[in-house]
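Following: one structure in structure tokens, then a few remarks.
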Amino acid sequence: MIFLREYKVPKFFIPINKEYLQAFFRSIVRLETYVLWTLFRRPRLFLLEITLSIYGYHFRRVCDLHVA
């Protein structure tokens, strides 16, 4: 949350397709706390927060599979 609070948003465009939308809605269901916090506190960082949360979730799962 500190990173999202202090991060300066770059100007860029993200193309949207069906697979991106499906992944987006699945991630909202799994990560609702951070999604809501970012949506109300830093709405311009919303897509970045979703992306970083998905990365974190993925890396935690991979680590659990290989370390535990």
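All residue names refer to the structure tokens as shown: chains lettered A, B, ... in order, residues numbered from 1 in each chain, ligands numbered from 1 in order.
By chain and then residue number, the residues within 12 Å of Glu6 in chain A are Met1, Ile2, Phe3, Val9, Arg41, Arg42 and Leu45 of chain A, counting only C-alpha atoms and disregarding those fewer than 3 positions away in sequence.
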Using only C-alpha atoms, which protein or nucleic acid residues come within 8 Å of range 23-38 of chain A? Drop anything in the same chain fewer than 5 positions from it, and give the result as a JSON list (two decimals) with N, CA, C and O atoms, in the first residue's frame.
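This went into result.json:
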[["chain", "number", "residue", "atom", "x", "y", "z"],
["A", 4, "LEU", "N", 1.85, 1.97, -3.59],
["A", 4, "LEU", "CA", 0.75, 2.57, -4.36],
["A", 4, "LEU", "C", 0.48, 4.00, -3.93],
["A", 4, "LEU", "O", 0.07, 4.82, -4.74],
["A", 43, "PRO", "N", -7.33, 5.88, -7.63],
["A", 43, "PRO", "CA", -7.97, 5.25, -8.79],
["A", 43, "PRO", "C", -7.10, 5.22, -10.05],
["A", 43, "PRO", "O", -7.25, 4.31, -10.86],
["A", 45, "LEU", "N", -4.10, 4.38, -10.17],
["A", 45, "LEU", "CA", -3.19, 3.24, -10.04],
["A", 45, "LEU", "C", -3.92, 1.90, -10.07],
["A", 45, "LEU", "O", -3.32, 0.87, -9.82],
["A", 46, "PHE", "N", -5.19, 1.94, -10.39],
["A", 46, "PHE", "CA", -6.02, 0.74, -10.32],
["A", 46, "PHE", "C", -5.47, -0.41, -11.17],
["A", 46, "PHE", "O", -5.30, -1.52, -10.69],
["A", 49, "GLU", "N", -2.21, -1.78, -9.78],
["A", 49, "GLU", "CA", -2.44, -2.56, -8.57],
["A", 49, "GLU", "C", -2.91, -3.97, -8.93],
["A", 49, "GLU", "O", -2.45, -4.95, -8.36],
["A", 50, "ILE", "N", -3.81, -4.08, -9.88],
["A", 50, "ILE", "CA", -4.29, -5.38, -10.32],
["A", 50, "ILE", "C", -3.12, -6.20, -10.87],
["A", 50, "ILE", "O", -2.94, -7.37, -10.53],
["A", 53, "SER", "N", -0.71, -7.25, -8.06],
["A", 53, "SER", "CA", -1.34, -8.24, -7.19],
["A", 53, "SER", "C", -1.36, -9.62, -7.85],
["A", 53, "SER", "O", -1.13, -10.63, -7.19],
["A", 54, "ILE", "N", -1.62, -9.65, -9.14],
["A", 54, "ILE", "CA", -1.61, -10.92, -9.87],
["A", 54, "ILE", "C", -0.20, -11.50, -9.87],
["A", 54, "ILE", "O", -0.01, -12.70, -9.65]]
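Note that CA of Phe40 in chain A and CA of Tyr7 in chain A are 15.5 Å apart.
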